[in-house]
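This is query.cif (mmCIF, C-alpha atoms).
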```cif
data_input
loop_
_atom_site.label_atom_id
_atom_site.label_comp_id
_atom_site.auth_asym_id
_atom_site.auth_seq_id
_atom_site.Cartn_x
_atom_site.Cartn_y
_atom_site.Cartn_z
CA MET A 1 -47.99 -72.85 137.58
CA MET A 2 -49.85 -75.82 139.01
CA LYS A 3 -50.13 -78.84 136.75
CA ALA A 4 -53.68 -79.97 135.99
CA GLN A 5 -52.74 -83.68 136.04
CA TYR A 6 -50.84 -85.66 138.67
CA LYS A 7 -49.41 -89.12 138.30
CA PRO A 8 -49.33 -91.36 141.39
CA HIS A 9 -45.99 -92.40 142.87
CA LYS A 10 -45.12 -96.05 142.49
CA PRO A 11 -44.64 -97.98 145.77
CA GLY A 12 -40.98 -98.46 146.56
CA THR A 13 -39.84 -95.73 144.13
CA HIS A 14 -36.36 -94.36 144.71
CA ASP A 15 -37.28 -90.91 143.38
CA VAL A 16 -36.72 -88.09 145.83
CA VAL A 17 -38.21 -85.31 143.65
CA SER A 18 -41.78 -85.67 142.43
CA ARG A 19 -42.13 -86.14 138.68
CA ASN A 20 -45.24 -83.96 138.90
CA LEU A 21 -43.23 -80.83 139.75
CA PRO A 22 -41.41 -78.40 137.45
CA ILE A 23 -37.61 -78.71 137.58
CA MET A 24 -35.15 -75.79 137.74
CA CYS A 25 -31.41 -75.31 138.02
CA GLY A 26 -30.28 -75.11 141.65
CA TYR A 27 -27.73 -72.42 140.81
CA CYS A 28 -29.35 -70.01 138.35
CA PHE A 29 -32.98 -71.03 139.13
CA GLU A 30 -33.92 -71.14 135.45
CA PRO A 31 -36.67 -73.72 134.84
CA ARG A 32 -36.23 -76.54 132.37
CA ALA A 33 -37.93 -75.74 129.06
CA PRO A 34 -40.78 -78.15 128.21
CA ASP A 35 -38.98 -79.25 125.05
CA GLY A 36 -35.46 -78.68 126.40
CA PRO A 37 -32.78 -81.21 127.39
CA SER A 38 -32.92 -82.98 130.75
CA LEU A 39 -31.13 -81.28 133.65
CA ARG A 40 -28.20 -82.87 135.47
CA ARG A 41 -29.08 -84.29 138.90
CA CYS A 42 -26.78 -84.31 141.94
CA ALA A 43 -25.69 -87.95 142.14
CA ASP A 44 -25.48 -87.93 145.98
CA CYS A 45 -28.60 -86.21 147.37
CA LYS A 46 -30.64 -86.57 144.14
CA HIS A 47 -32.61 -83.48 145.20
CA VAL A 48 -30.97 -80.71 143.16
CA PHE A 49 -30.73 -80.31 139.38
CA TYR A 50 -28.38 -78.22 137.22
CA CYS A 51 -28.48 -76.92 133.68
CA SER A 52 -24.71 -77.41 133.26
CA ARG A 53 -21.65 -78.95 134.86
CA GLU A 54 -20.28 -75.44 135.40
CA HIS A 55 -23.31 -74.41 137.48
CA GLN A 56 -23.08 -77.63 139.51
CA LYS A 57 -19.43 -76.91 140.36
CA ALA A 58 -20.18 -73.25 141.16
CA HIS A 59 -22.99 -74.29 143.53
CA TRP A 60 -21.03 -76.95 145.43
CA LYS A 61 -19.74 -74.67 148.20
CA ARG A 62 -23.31 -73.77 149.21
CA HIS A 63 -24.73 -77.21 148.45
CA LYS A 64 -22.18 -79.43 150.22
CA GLU A 65 -23.60 -79.55 153.77
CA TYR A 66 -27.19 -79.76 152.60
CA CYS A 67 -26.23 -82.55 150.21
CA GLN A 68 -24.67 -84.63 152.99
CA ASP A 69 -27.72 -84.19 155.24
CA GLU A 70 -30.17 -85.10 152.48
CA ARG A 71 -28.14 -88.17 151.51
CA SER A 72 -28.48 -89.52 155.04
CA ASP A 73 -32.24 -88.89 154.97
CA ILE A 74 -32.59 -90.89 151.74
CA LEU A 75 -31.18 -93.90 153.56
CA GLY A 76 -33.59 -93.46 156.47
CA LYS A 77 -36.91 -95.29 156.82
CA VAL A 78 -39.96 -94.83 158.99
CA ALA A 79 -42.57 -97.34 160.16
CA VAL A 80 -46.05 -96.64 158.78
CA GLU A 81 -48.90 -99.09 159.31
CA ASP A 82 -46.47 -101.94 160.04
CA GLU A 83 -44.52 -101.30 156.85
CA TRP A 84 -41.17 -99.56 156.45
CA VAL A 85 -41.40 -96.59 154.12
CA PRO A 86 -38.37 -94.50 152.98
CA LEU A 87 -38.44 -91.07 154.59
CA HIS A 88 -37.89 -89.37 151.23
CA GLN A 89 -41.37 -90.48 150.09
CA ASP A 90 -42.77 -87.86 152.46
CA SER A 91 -40.97 -85.30 150.30
CA LEU A 92 -42.64 -86.64 147.14
CA TYR A 93 -46.13 -86.41 148.61
CA LEU A 94 -45.42 -83.06 150.25
CA GLY A 95 -44.15 -81.64 146.96
CA ASP A 96 -47.38 -82.58 145.19
CA TRP A 97 -49.59 -81.40 148.07
CA MET A 98 -47.76 -78.10 148.39
CA ASN A 99 -47.80 -77.40 144.65
CA LEU A 100 -51.55 -77.99 144.54
CA HIS A 101 -52.16 -75.63 147.47
CA PHE A 102 -49.46 -73.09 146.64
CA TYR A 103 -51.87 -70.22 145.99
CA MET A 104 -53.51 -70.56 149.41
CA LEU A 105 -50.17 -71.24 151.11
CA GLU A 106 -48.93 -67.90 149.76
CA HIS A 107 -51.84 -66.15 151.49
CA LEU A 108 -51.27 -68.22 154.63
CA GLY A 109 -47.58 -67.31 154.62
CA ALA A 110 -48.47 -63.61 154.38
CA ASP A 111 -50.82 -63.99 157.35
CA LEU A 112 -48.11 -65.68 159.42
CA PHE A 113 -45.65 -62.93 158.51
CA ARG A 114 -48.13 -60.23 159.58
CA LEU A 115 -48.67 -61.87 162.97
CA SER A 116 -45.17 -60.92 164.13
CA LYS A 117 -43.86 -57.37 163.98
CA ASP A 118 -40.23 -58.36 164.54
CA PHE A 119 -40.11 -61.34 162.17
CA ASP A 120 -36.90 -61.37 160.07
CA LEU A 121 -37.24 -63.12 156.70
CA ASN A 122 -33.46 -63.53 156.56
CA LYS A 123 -33.17 -65.70 159.67
CA ASP A 124 -36.60 -66.61 161.11
CA TYR A 125 -38.93 -69.25 159.76
CA ALA A 126 -42.43 -70.70 160.10
CA ILE A 127 -43.15 -74.19 161.44
CA ILE A 128 -46.24 -75.87 159.97
CA THR A 129 -47.23 -79.17 161.57
CA LEU A 130 -48.85 -81.65 159.20
CA LYS A 131 -50.51 -84.99 159.72
CA GLN A 132 -51.11 -87.56 156.99
CA ARG A 133 -54.81 -88.03 156.40
CA GLU A 134 -56.17 -91.55 156.60
CA ASP A 135 -58.99 -90.76 154.17
CA HIS A 136 -56.89 -89.28 151.32
CA ALA A 137 -57.65 -92.29 149.03
CA GLY A 138 -54.72 -91.29 146.84
CA ASP A 139 -55.92 -87.71 146.26
CA PRO A 140 -52.68 -85.61 146.25
CA ALA A 141 -54.62 -82.55 147.48
CA LYS A 142 -55.79 -84.44 150.58
CA PHE A 143 -52.64 -86.29 151.53
CA PHE A 144 -51.92 -84.01 154.50
CA GLU A 145 -53.86 -81.72 156.80
CA ILE A 146 -52.49 -78.70 158.63
CA GLN A 147 -52.66 -79.11 162.40
CA SER A 148 -50.80 -76.08 163.69
CA MET A 149 -48.70 -73.12 162.57
CA MET A 150 -46.18 -70.99 164.45
CA LEU A 151 -43.18 -68.73 163.96
CA SER A 152 -39.66 -69.57 165.09
CA ASN A 153 -39.41 -66.39 167.17
CA ASP A 154 -42.40 -67.53 169.23
CA PRO A 155 -41.15 -68.05 172.83
CA GLU A 156 -43.50 -71.00 173.21
CA GLY A 157 -41.32 -73.09 170.84
CA VAL A 158 -42.83 -75.98 168.90
CA ALA A 159 -46.41 -76.22 170.12
CA ASP A 160 -46.82 -79.97 169.92
CA ALA A 161 -48.15 -81.95 172.88
CA ASP A 162 -46.94 -85.23 171.36
CA VAL A 163 -43.27 -84.18 171.45
CA GLY A 164 -41.57 -84.80 174.81
CA GLU A 165 -38.99 -82.41 176.28
CA LYS A 166 -36.00 -84.44 175.03
CA ASP A 167 -37.47 -84.90 171.54
CA HIS A 168 -38.53 -81.24 171.56
CA LYS A 169 -34.91 -80.07 171.95
CA PHE A 170 -33.68 -82.54 169.32
CA LEU A 171 -36.40 -81.42 166.90
CA LEU A 172 -35.50 -77.75 167.28
CA GLN A 173 -31.80 -78.48 166.81
CA ASN A 174 -32.55 -80.54 163.71
CA ILE A 175 -34.69 -77.76 162.26
CA ARG A 176 -32.10 -75.05 162.99
CA GLU A 177 -29.35 -77.07 161.31
CA ASN A 178 -31.48 -77.75 158.23
CA VAL A 179 -32.53 -74.09 157.95
CA LYS A 180 -28.90 -72.96 158.28
CA HIS A 181 -27.87 -75.21 155.38
CA ILE A 182 -30.70 -74.36 152.98
CA ALA A 183 -31.44 -70.69 153.80
CA PRO A 184 -28.60 -69.28 151.61
CA ASP A 185 -30.12 -70.90 148.52
CA PHE A 186 -33.54 -69.47 149.35
CA MET A 187 -32.01 -66.01 149.74
CA GLU A 188 -30.26 -66.31 146.35
CA MET A 189 -33.51 -67.50 144.79
CA THR A 190 -35.32 -64.47 146.23
CA LYS A 191 -32.70 -62.11 144.75
CA ALA A 192 -33.00 -63.78 141.35
CA TYR A 193 -36.79 -63.55 141.31
CA SER A 194 -36.90 -60.04 142.79
CA SER A 195 -34.88 -58.74 139.85
CA LYS A 196 -37.69 -59.96 137.56
CA ASN A 197 -40.68 -59.22 139.82
CA ASP A 198 -40.63 -56.05 141.93
CA LYS A 199 -43.82 -57.22 143.71
CA LEU A 200 -41.87 -59.93 145.54
CA MET A 201 -40.98 -58.78 149.05
CA GLY A 202 -39.07 -61.86 150.20
CA THR A 203 -39.20 -65.58 150.90
CA LEU A 204 -40.71 -67.16 153.99
CA ILE A 205 -38.80 -70.28 154.99
CA CYS A 206 -41.40 -72.87 155.95
CA VAL A 207 -40.51 -75.98 157.93
CA PHE A 208 -43.13 -78.65 157.32
CA TYR A 209 -43.04 -81.00 160.32
CA ILE A 210 -44.80 -84.26 159.46
CA LYS A 211 -45.87 -86.20 162.56
CA ARG A 212 -45.25 -89.92 162.47
CA MET A 213 -45.05 -91.19 166.02
CA PRO A 214 -42.62 -92.17 167.44
CA VAL A 215 -40.51 -90.43 164.77
CA TYR A 216 -41.07 -87.45 162.50
CA SER A 217 -40.13 -86.13 159.07
CA VAL A 218 -39.05 -82.56 158.32
CA SER A 219 -39.08 -80.82 154.93
CA ILE A 220 -38.11 -77.21 154.30
CA LYS A 221 -39.78 -75.30 151.48
CA PRO A 222 -39.85 -71.61 150.45
CA ILE A 223 -43.05 -69.59 150.16
CA PRO A 224 -42.89 -66.20 148.41
CA ILE A 225 -44.25 -63.14 150.21
CA TYR A 226 -45.76 -60.57 147.85
CA ARG A 227 -46.41 -56.95 148.79
CA SER A 228 -49.94 -57.19 147.37
CA SER A 229 -50.79 -59.98 149.86
CA LEU A 230 -49.68 -57.83 152.78
CA GLU A 231 -51.82 -54.92 151.60
CA LYS A 232 -55.06 -56.92 151.77
CA SER A 233 -57.38 -56.71 154.77
CA PHE A 234 -56.71 -59.13 157.59
CA SER A 235 -59.11 -60.61 160.14
CA PRO A 236 -58.51 -63.09 162.99
CA ASP A 237 -60.58 -65.72 161.14
CA HIS A 238 -58.71 -65.31 157.87
CA SER A 239 -55.93 -67.81 158.64
CA LYS A 240 -58.46 -70.36 159.88
CA PHE A 241 -60.42 -70.00 156.65
CA LEU A 242 -57.26 -70.57 154.58
CA LYS A 243 -56.30 -73.58 156.70
CA ASP A 244 -59.80 -75.10 156.42
CA THR A 245 -59.83 -74.53 152.64
CA ILE A 246 -56.51 -76.35 152.24
CA ASN A 247 -57.57 -79.17 154.57
CA SER A 248 -60.77 -79.65 152.56
CA GLY A 249 -58.77 -80.54 149.45
CA THR A 250 -59.85 -77.44 147.53
CA VAL A 251 -57.19 -76.38 145.02
CA TRP A 252 -56.62 -73.55 142.57
CA CYS A 253 -55.55 -73.92 138.96
CA ASP A 254 -54.71 -71.45 136.19
CA VAL A 255 -57.25 -71.91 133.41
CA ASP A 256 -56.81 -70.27 130.00
CA ASP A 257 -58.84 -67.04 129.65
CA GLU A 258 -60.20 -67.43 133.20
CA GLY A 259 -57.20 -66.95 135.47
CA LYS A 260 -57.24 -68.83 138.76
CA VAL A 261 -60.29 -70.95 139.43
CA CYS A 262 -61.07 -73.26 142.35
CA GLY A 263 -61.93 -76.92 142.19
CA THR A 264 -60.99 -80.38 143.38
CA MET A 265 -58.85 -83.27 142.17
CA VAL A 266 -60.72 -86.27 140.75
CA LYS A 267 -59.37 -89.63 139.64
CA LYS A 268 -59.32 -90.29 135.90
CA GLY A 269 -57.82 -93.64 135.03
CA SER A 270 -54.69 -93.98 137.14
CA ASN A 271 -54.07 -90.22 137.33
CA TRP A 272 -55.59 -87.34 139.28
CA VAL A 273 -56.89 -84.35 137.31
CA PHE A 274 -58.23 -80.92 138.22
CA GLN A 275 -62.00 -80.44 138.01
CA LYS A 276 -63.38 -76.93 138.17
CA ALA A 277 -66.09 -76.18 140.74
CA SER A 278 -68.15 -73.09 141.47
CA THR A 279 -67.32 -70.99 144.52
CA GLU A 280 -70.85 -71.67 145.77
CA PHE A 281 -70.20 -75.43 145.68
CA ILE A 282 -66.86 -75.07 147.47
CA LEU A 283 -68.39 -72.88 150.18
CA THR A 284 -71.54 -74.88 150.87
CA GLU A 285 -70.68 -78.48 149.96
CA VAL A 286 -66.95 -78.64 150.72
CA LEU A 287 -66.39 -76.09 153.48
CA GLY A 288 -69.90 -76.22 154.94
CA LEU A 289 -70.21 -72.42 155.02
CA PRO A 290 -73.31 -70.35 154.26
CA LEU A 291 -73.56 -68.51 150.95
CA SER A 292 -73.34 -65.26 152.90
CA ALA A 293 -69.61 -65.99 153.28
CA LEU A 294 -69.17 -65.51 149.51
CA GLY A 295 -67.16 -62.39 148.87
CA SER A 296 -65.85 -62.10 152.44
CA GLU A 297 -62.99 -64.54 151.86
CA PRO A 298 -60.39 -64.98 149.06
CA LEU A 299 -62.33 -67.37 146.83
CA ASP A 300 -62.33 -65.03 143.87
#
```
Show this structure as structure tokens.
Amino acid sequence: MMKAQYKPHKPGTHDVVSRNLPIMCGYCFEPRAPDGPSLRRCADCKHVFYCSREHQKAHWKRHKEYCQDERSDILGKVAVEDEWVPLHQDSLYLGDWMNLHFYMLEHLGADLFRLSKDFDLNKDYAIITLKQREDHAGDPAKFFEIQSMMLSNDPEGVADADVGEKDHKFLLQNIRENVKHIAPDFMEMTKAYSSKNDKLMGTLICVFYIKRMPVYSVSIKPIPIYRSSLEKSFSPDHSKFLKDTINSGTVWCDVDDEGKVCGTMVKKGSNWVFQKASTEFILTEVLGLPLSALGSEPLD
């Protein structure tokens, strides 16, 4: 469930997992209870948490290579606006952004999956190119915008004009290695959740490629694919609508007695909080669409 309040990340923080996100055990995938004890954190990569020492030891065989790769990323830095920023901060901002837009990303993931008849959830993945917005003003829902989306089994490869041939090959190799290390955990997570939810079809591995010329940052996140999403009608403009909705900063939040409602994030003090908005406002004022579009797209 999306949190209704987000705390900003302090400049220079050494956190690699956003404090705004729910925490779960990397082995059994059980979430930490709100009033429960703190979970153990891997001391090397600082990305993965465990509910016990036994689960940490049991997970090490799968976690080892990923842990080593993530540890090297923590030490890396990237130049942004003449300042050196740790690469792991991209992961903090991406975690918040993705959690805020998770509902729409689920629909977007289903659309991507339907675009390819021979897509294999066990080995293929989606590549979503993001760019940091200059006008985000601290709003976690507007920190990135989606520029392009593609599937790994697309013969065109990474469709990015800013990546030269040499960097293109290195990027693909980097992505393949990262997917190879983390995919087993995603598959185990899918099995664990499928046993509790028979509507879950599988997990789409999404590679979020964040452009920062002349270097880039890559984060890999899972997006669940539900059978109900695949059963809904699909039109060529549907994916564009989802992309535009996400890029506008529109988010969805679970509200008691109302279910999911749309709105935006507004600043209250030093934090960002969810503010409900009508679908009419989102369509006309945020997306710039006519009211006739109401009911033709997934805003209800």
Atom-to-atom span, atom CA of A:Ala33 and atom CA of A:Ser52, Å: 14.0 Å
Point-to-point distance from atom CA of A:Thr279 to atom CA of A:Ser228, Å rounded to tenths: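 About the pair atom CA of A:Thr279 and atom CA of A:Ser228: they are 22.4 Å apart.
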Picked residues, the PyMOL selection byres ((chain A and resi 286) around 12), expected as a ChimeraX atom specification: /A:244-251,262-264,277-285,287-290
Counting only C-alpha atoms, the option among A:Lys7, A:Lys46, A:Lys221, A:Lys199 closest to A:Tyr125: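 Closest residue, counting only C-alpha atoms: A:Lys221.
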Distance of atom CA of A:Arg53 from atom CA of A:His9, expressed in Å to one decimal place: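 Interatomic distance here is 28.9 Å.
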